[in-house]
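Trainee: Next up is a structure, given as structure tokens.
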Amino acid sequence: MTRGQLAEWLAAAILTVAGYRIIKRNFSAPTGEIDIIAQKRSLLAFVEVRLRRGRSRVTGLESVDAAKQQRLIRTSQAFVQRYASYQNHKLRFDVLSFGLRDYRPHRGLTFRWTRNAFTPEQLP
């Protein structure tokens with residue numbers, strides 16, 4: 001398992017503990033890919049998972065730039081078109097980022113879940 005896959009697995013576990021049901025992992029469309037799609041009642045959360053090393057100059061949230069946000073939004077639209085039963089759900093875009101201090105397990109792993117990290121209305 002790669003570090004990225006481990007981060008996605010941990011993100012899914014965090015979402016599940018928080019009461020979300022994982023609908024899809026690594027959903028792909030011509031417009032891009034979404035790491036995790038999770039549901040809680042009538043809310044669909046499209047979650048981008050990021051793993052940053054301790055010396056990273058930008059946070060996981062900062063690394064999701066406007067171009068990546070546009071791809072996530074277009075891909076979420078493709079998901080809702082493909083799975084019509086979700087058309088009346090509220091959509092939210094989250095970033096769940098992990099910080100790895102270094103590669104030794106005892107050094108620790110941190111995480112930050114930014115709910116509503118961006119909205120389609122914020123983009124140009």
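Convention: chains lettered A, B, ... in structure tokens order; per-chain residue numbering from 1; ligands numbered from 1 as shown.
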Counting only C-alpha atoms, give me one row per residue of segment 31-115 of chain A with an atom at most 10 Å from an atom of segment 6-18 of chain A, showing the shortest contact pair and its distance in Å to one decimal, sorted by chain then residue number, as JSON lines.
Mentor:
```
{"residue": "A:Asp35", "atom": "CA", "partner": "A:Glu8", "partner_atom": "CA", "distance": 7.2}
{"residue": "A:Ile36", "atom": "CA", "partner": "A:Ala12", "partner_atom": "CA", "distance": 7.3}
{"residue": "A:Ile37", "atom": "CA", "partner": "A:Ala12", "partner_atom": "CA", "distance": 9.3}
{"residue": "A:Ala38", "atom": "CA", "partner": "A:Leu15", "partner_atom": "CA", "distance": 7.5}
{"residue": "A:Gln39", "atom": "CA", "partner": "A:Leu15", "partner_atom": "CA", "distance": 9.3}
{"residue": "A:Lys40", "atom": "CA", "partner": "A:Ala18", "partner_atom": "CA", "distance": 9.2}
{"residue": "A:Ala45", "atom": "CA", "partner": "A:Leu15", "partner_atom": "CA", "distance": 9.7}
{"residue": "A:Val47", "atom": "CA", "partner": "A:Ala11", "partner_atom": "CA", "distance": 8.8}
{"residue": "A:Glu48", "atom": "CA", "partner": "A:Glu8", "partner_atom": "CA", "distance": 8.9}
{"residue": "A:Val49", "atom": "CA", "partner": "A:Glu8", "partner_atom": "CA", "distance": 6.2}
{"residue": "A:Arg50", "atom": "CA", "partner": "A:Ala7", "partner_atom": "CA", "distance": 7.4}
{"residue": "A:Leu51", "atom": "CA", "partner": "A:Ala7", "partner_atom": "CA", "distance": 6.6}
{"residue": "A:Val95", "atom": "CA", "partner": "A:Ala11", "partner_atom": "CA", "distance": 9.9}
{"residue": "A:Leu96", "atom": "CA", "partner": "A:Ala11", "partner_atom": "CA", "distance": 6.8}
{"residue": "A:Ser97", "atom": "CA", "partner": "A:Ala7", "partner_atom": "CA", "distance": 8.3}
{"residue": "A:Phe98", "atom": "CA", "partner": "A:Ala7", "partner_atom": "CA", "distance": 7.0}
{"residue": "A:Gly99", "atom": "CA", "partner": "A:Ala7", "partner_atom": "CA", "distance": 9.8}
{"residue": "A:Phe111", "atom": "CA", "partner": "A:Ala11", "partner_atom": "CA", "distance": 9.0}
{"residue": "A:Trp113", "atom": "CA", "partner": "A:Ala11", "partner_atom": "CA", "distance": 9.0}
```
Trainee: With only C-alpha atoms as the counted atoms, please give the residues lying no more than 9 Å from Glu33 of chain A, apart from itself and same-chain residues fewer than 5 positions off, as a ChimeraX atom specification.
Mentor: /A:26-28,71-72,75-76
Trainee: Report, in Å with one decimal, the straight-line distance from atom CA of Arg92 of chain A to atom CA of Gln5 of chain A.
Mentor: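 Atom-to-atom, atom CA of Arg92 of chain A to atom CA of Gln5 of chain A, that is 22.4 Å.
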Trainee: Distance atom CA of Arg3 of chain A-atom CA of Ala78 of chain A, one decimal place?
Mentor: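 The value is 27.7 Å.
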Trainee: Quick one: everything within 10 Å of Gln77 of chain A, counting only C-alpha atoms, minus sequence neighbours fewer than 5 positions away in the same chain. Send it as a list of chain:residue names.
Mentor: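 Contacts, in chain order: A:Ala29, A:Thr31, A:Arg71, A:Leu72, A:Arg82, A:Tyr83, A:Gln87, A:Leu91.
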Trainee: So which one's closest to Thr114 of chain A, A:Leu43, A:Ile73, A:Val64, A:Leu100? Using only C-alpha atoms, please.
Mentor: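 Using only C-alpha atoms, the shortest distance to Thr114 of chain A belongs to A:Val64.
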Trainee: Check chain A with DSSP on the backbone and list each residue it calls alpha helix (DSSP H), as a VMD selection string.
Mentor: chain A and resid 3 to 17 66 to 82
Trainee: Using C-alpha atoms, can you export the residues from the last selection as a PDB file, in the first residue's frame?
Mentor:
```
ATOM      1  CA  ARG A   3       1.401   6.401   1.378  1.00  0.00           C
ATOM      2  CA  GLY A   4      -1.367   7.984  -0.725  1.00  0.00           C
ATOM      3  CA  GLN A   5      -3.513   4.861  -0.507  1.00  0.00           C
ATOM      4  CA  LEU A   6      -2.936   4.749   3.246  1.00  0.00           C
ATOM      5  CA  ALA A   7      -4.033   8.397   3.542  1.00  0.00           C
ATOM      6  CA  GLU A   8      -7.208   7.641   1.557  1.00  0.00           C
ATOM      7  CA  TRP A   9      -7.913   4.597   3.734  1.00  0.00           C
ATOM      8  CA  LEU A  10      -7.466   6.687   6.900  1.00  0.00           C
ATOM      9  CA  ALA A  11      -9.679   9.452   5.470  1.00  0.00           C
ATOM     10  CA  ALA A  12     -12.441   6.927   4.755  1.00  0.00           C
ATOM     11  CA  ALA A  13     -12.146   5.631   8.327  1.00  0.00           C
ATOM     12  CA  ILE A  14     -12.406   9.165   9.750  1.00  0.00           C
ATOM     13  CA  LEU A  15     -15.460   9.885   7.610  1.00  0.00           C
ATOM     14  CA  THR A  16     -17.099   6.614   8.663  1.00  0.00           C
ATOM     15  CA  VAL A  17     -16.527   7.314  12.359  1.00  0.00           C
ATOM     16  CA  ALA A  66      -8.366  26.880  -8.440  1.00  0.00           C
ATOM     17  CA  ALA A  67      -7.655  24.534 -11.374  1.00  0.00           C
ATOM     18  CA  LYS A  68      -7.973  21.459  -9.135  1.00  0.00           C
ATOM     19  CA  GLN A  69     -11.154  22.888  -7.621  1.00  0.00           C
ATOM     20  CA  GLN A  70     -12.637  23.343 -11.105  1.00  0.00           C
ATOM     21  CA  ARG A  71     -11.821  19.714 -11.971  1.00  0.00           C
ATOM     22  CA  LEU A  72     -13.409  18.503  -8.727  1.00  0.00           C
ATOM     23  CA  ILE A  73     -16.558  20.515  -9.392  1.00  0.00           C
ATOM     24  CA  ARG A  74     -16.877  19.249 -12.973  1.00  0.00           C
ATOM     25  CA  THR A  75     -16.235  15.685 -11.828  1.00  0.00           C
ATOM     26  CA  SER A  76     -18.870  15.989  -9.093  1.00  0.00           C
ATOM     27  CA  GLN A  77     -21.344  17.127 -11.756  1.00  0.00           C
ATOM     28  CA  ALA A  78     -20.464  14.052 -13.819  1.00  0.00           C
ATOM     29  CA  PHE A  79     -21.071  11.861 -10.754  1.00  0.00           C
ATOM     30  CA  VAL A  80     -24.515  13.362 -10.114  1.00  0.00           C
ATOM     31  CA  GLN A  81     -25.431  12.987 -13.790  1.00  0.00           C
ATOM     32  CA  ARG A  82     -24.338   9.347 -13.778  1.00  0.00           C
TER      33      ARG A  82
END
```
Trainee: Write down as a ChimeraX atom specification the residues belonging to chain A that are assigned strand (DSSP E) by DSSP computed on the backbone.
Mentor: /A:21-29,32-40,43-53,90-100,109-118
Trainee: Can I get the selection written as a CSV table (one decimal), in the first residue's frame, with N, CA and C atoms?
Mentor:
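Printed below is selection.csv as written:
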```csv
chain,number,residue,atom,x,y,z
A,21,ARG,N,-21.4,7.6,5.1
A,21,ARG,CA,-21.3,6.4,4.4
A,21,ARG,C,-20.5,6.6,3.2
A,22,ILE,N,-19.5,5.8,2.9
A,22,ILE,CA,-18.6,5.9,1.8
A,22,ILE,C,-19.4,5.4,0.6
A,23,ILE,N,-19.6,6.3,-0.4
A,23,ILE,CA,-20.4,5.9,-1.6
A,23,ILE,C,-19.4,5.4,-2.7
A,24,LYS,N,-18.3,6.1,-2.9
A,24,LYS,CA,-17.4,5.7,-3.9
A,24,LYS,C,-16.0,6.2,-3.6
A,25,ARG,N,-15.0,5.4,-3.9
A,25,ARG,CA,-13.6,5.8,-3.8
A,25,ARG,C,-13.0,5.9,-5.2
A,26,ASN,N,-12.2,6.9,-5.4
A,26,ASN,CA,-11.5,7.1,-6.7
A,26,ASN,C,-12.5,7.1,-7.9
A,27,PHE,N,-13.5,7.9,-7.8
A,27,PHE,CA,-14.5,8.1,-8.9
A,27,PHE,C,-13.8,8.8,-10.0
A,28,SER,N,-13.8,8.2,-11.2
A,28,SER,CA,-13.2,8.8,-12.4
A,28,SER,C,-14.2,9.2,-13.4
A,29,ALA,N,-13.9,10.3,-14.1
A,29,ALA,CA,-14.7,10.8,-15.2
A,29,ALA,C,-13.7,11.4,-16.1
A,32,GLY,N,-11.9,14.3,-14.5
A,32,GLY,CA,-10.9,14.2,-13.4
A,32,GLY,C,-11.3,13.0,-12.4
A,33,GLU,N,-10.7,13.1,-11.2
A,33,GLU,CA,-11.0,12.0,-10.3
A,33,GLU,C,-11.3,12.6,-8.9
A,34,ILE,N,-12.2,12.0,-8.2
A,34,ILE,CA,-12.5,12.4,-6.8
A,34,ILE,C,-12.1,11.3,-5.9
A,35,ASP,N,-11.3,11.6,-4.9
A,35,ASP,CA,-10.7,10.5,-4.0
A,35,ASP,C,-11.9,9.8,-3.2
A,36,ILE,N,-12.7,10.5,-2.6
A,36,ILE,CA,-13.8,9.9,-1.8
A,36,ILE,C,-15.1,10.7,-2.0
A,37,ILE,N,-16.2,9.9,-2.2
A,37,ILE,CA,-17.5,10.5,-2.1
A,37,ILE,C,-18.3,9.9,-1.0
A,38,ALA,N,-18.7,10.7,-0.1
A,38,ALA,CA,-19.4,10.2,1.2
A,38,ALA,C,-20.7,10.9,1.3
A,39,GLN,N,-21.6,10.1,2.0
A,39,GLN,CA,-23.0,10.6,2.2
A,39,GLN,C,-23.3,10.6,3.7
A,40,LYS,N,-24.0,11.7,4.1
A,40,LYS,CA,-24.6,11.8,5.4
A,40,LYS,C,-25.9,12.4,5.3
A,43,LEU,N,-26.7,15.0,2.3
A,43,LEU,CA,-25.5,15.7,2.0
A,43,LEU,C,-24.5,14.7,1.3
A,44,LEU,N,-24.0,15.2,0.2
A,44,LEU,CA,-22.9,14.4,-0.5
A,44,LEU,C,-21.6,15.2,-0.3
A,45,ALA,N,-20.6,14.6,0.3
A,45,ALA,CA,-19.3,15.3,0.5
A,45,ALA,C,-18.3,14.7,-0.5
A,46,PHE,N,-17.7,15.6,-1.3
A,46,PHE,CA,-16.7,15.2,-2.3
A,46,PHE,C,-15.4,15.6,-1.6
A,47,VAL,N,-14.6,14.5,-1.3
A,47,VAL,CA,-13.4,14.7,-0.4
A,47,VAL,C,-12.1,14.5,-1.2
A,48,GLU,N,-11.3,15.6,-1.2
A,48,GLU,CA,-10.0,15.5,-1.8
A,48,GLU,C,-9.0,15.2,-0.6
A,49,VAL,N,-8.2,14.1,-0.7
A,49,VAL,CA,-7.3,13.7,0.3
A,49,VAL,C,-5.9,14.1,-0.1
A,50,ARG,N,-5.2,14.7,0.9
A,50,ARG,CA,-3.8,15.2,0.6
A,50,ARG,C,-2.9,14.7,1.7
A,51,LEU,N,-1.7,14.3,1.4
A,51,LEU,CA,-0.7,13.9,2.3
A,51,LEU,C,0.5,14.8,2.1
A,52,ARG,N,0.9,15.5,3.2
A,52,ARG,CA,2.0,16.5,3.1
A,52,ARG,C,3.1,16.0,4.0
A,53,ARG,N,4.3,16.2,3.6
A,53,ARG,CA,5.5,15.9,4.5
A,53,ARG,C,5.7,17.1,5.4
A,90,LYS,N,-27.6,17.9,-1.2
A,90,LYS,CA,-26.7,19.0,-1.1
A,90,LYS,C,-25.3,18.6,-1.4
A,91,LEU,N,-24.5,19.4,-2.1
A,91,LEU,CA,-23.1,19.0,-2.4
A,91,LEU,C,-22.2,19.9,-1.6
A,92,ARG,N,-21.1,19.2,-1.1
A,92,ARG,CA,-20.1,20.0,-0.4
A,92,ARG,C,-18.7,19.4,-0.8
A,93,PHE,N,-17.7,20.3,-0.8
A,93,PHE,CA,-16.4,20.0,-1.2
A,93,PHE,C,-15.5,20.2,0.0
A,94,ASP,N,-14.8,19.0,0.4
A,94,ASP,CA,-14.0,19.0,1.6
A,94,ASP,C,-12.6,18.7,1.2
A,95,VAL,N,-11.6,19.1,2.0
A,95,VAL,CA,-10.2,18.6,1.9
A,95,VAL,C,-9.8,18.0,3.2
A,96,LEU,N,-9.4,16.8,3.2
A,96,LEU,CA,-8.9,16.1,4.4
A,96,LEU,C,-7.4,15.9,4.2
A,97,SER,N,-6.6,16.6,4.9
A,97,SER,CA,-5.2,16.5,4.7
A,97,SER,C,-4.4,15.9,5.9
A,98,PHE,N,-3.4,15.2,5.6
A,98,PHE,CA,-2.6,14.5,6.6
A,98,PHE,C,-1.2,15.2,6.5
A,99,GLY,N,-0.6,15.4,7.7
A,99,GLY,CA,0.7,15.8,7.8
A,99,GLY,C,1.6,14.7,8.4
A,100,LEU,N,2.7,14.5,7.7
A,100,LEU,CA,3.6,13.4,8.1
A,100,LEU,C,4.9,14.1,8.6
A,109,LEU,N,1.4,11.4,13.0
A,109,LEU,CA,0.7,11.8,11.8
A,109,LEU,C,-0.4,12.7,12.3
A,110,THR,N,-0.6,13.8,11.7
A,110,THR,CA,-1.7,14.8,12.0
A,110,THR,C,-2.7,14.8,10.9
A,111,PHE,N,-3.9,15.3,11.2
A,111,PHE,CA,-4.8,15.5,10.1
A,111,PHE,C,-5.7,16.7,10.3
A,112,ARG,N,-6.2,17.3,9.2
A,112,ARG,CA,-7.1,18.4,9.3
A,112,ARG,C,-8.2,18.2,8.3
A,113,TRP,N,-9.4,18.3,8.7
A,113,TRP,CA,-10.5,18.1,7.8
A,113,TRP,C,-11.2,19.4,7.6
A,114,THR,N,-11.1,20.0,6.5
A,114,THR,CA,-11.7,21.3,6.1
A,114,THR,C,-13.0,21.0,5.4
A,115,ARG,N,-14.1,21.2,6.1
A,115,ARG,CA,-15.4,21.0,5.5
A,115,ARG,C,-15.7,22.3,4.7
A,116,ASN,N,-16.4,22.1,3.6
A,116,ASN,CA,-16.8,23.3,2.8
A,116,ASN,C,-15.5,24.1,2.4
A,117,ALA,N,-14.5,23.4,2.0
A,117,ALA,CA,-13.2,24.0,1.7
A,117,ALA,C,-13.3,25.1,0.6
A,118,PHE,N,-14.2,24.8,-0.4
A,118,PHE,CA,-14.5,25.8,-1.4
A,118,PHE,C,-15.9,25.5,-2.0
```
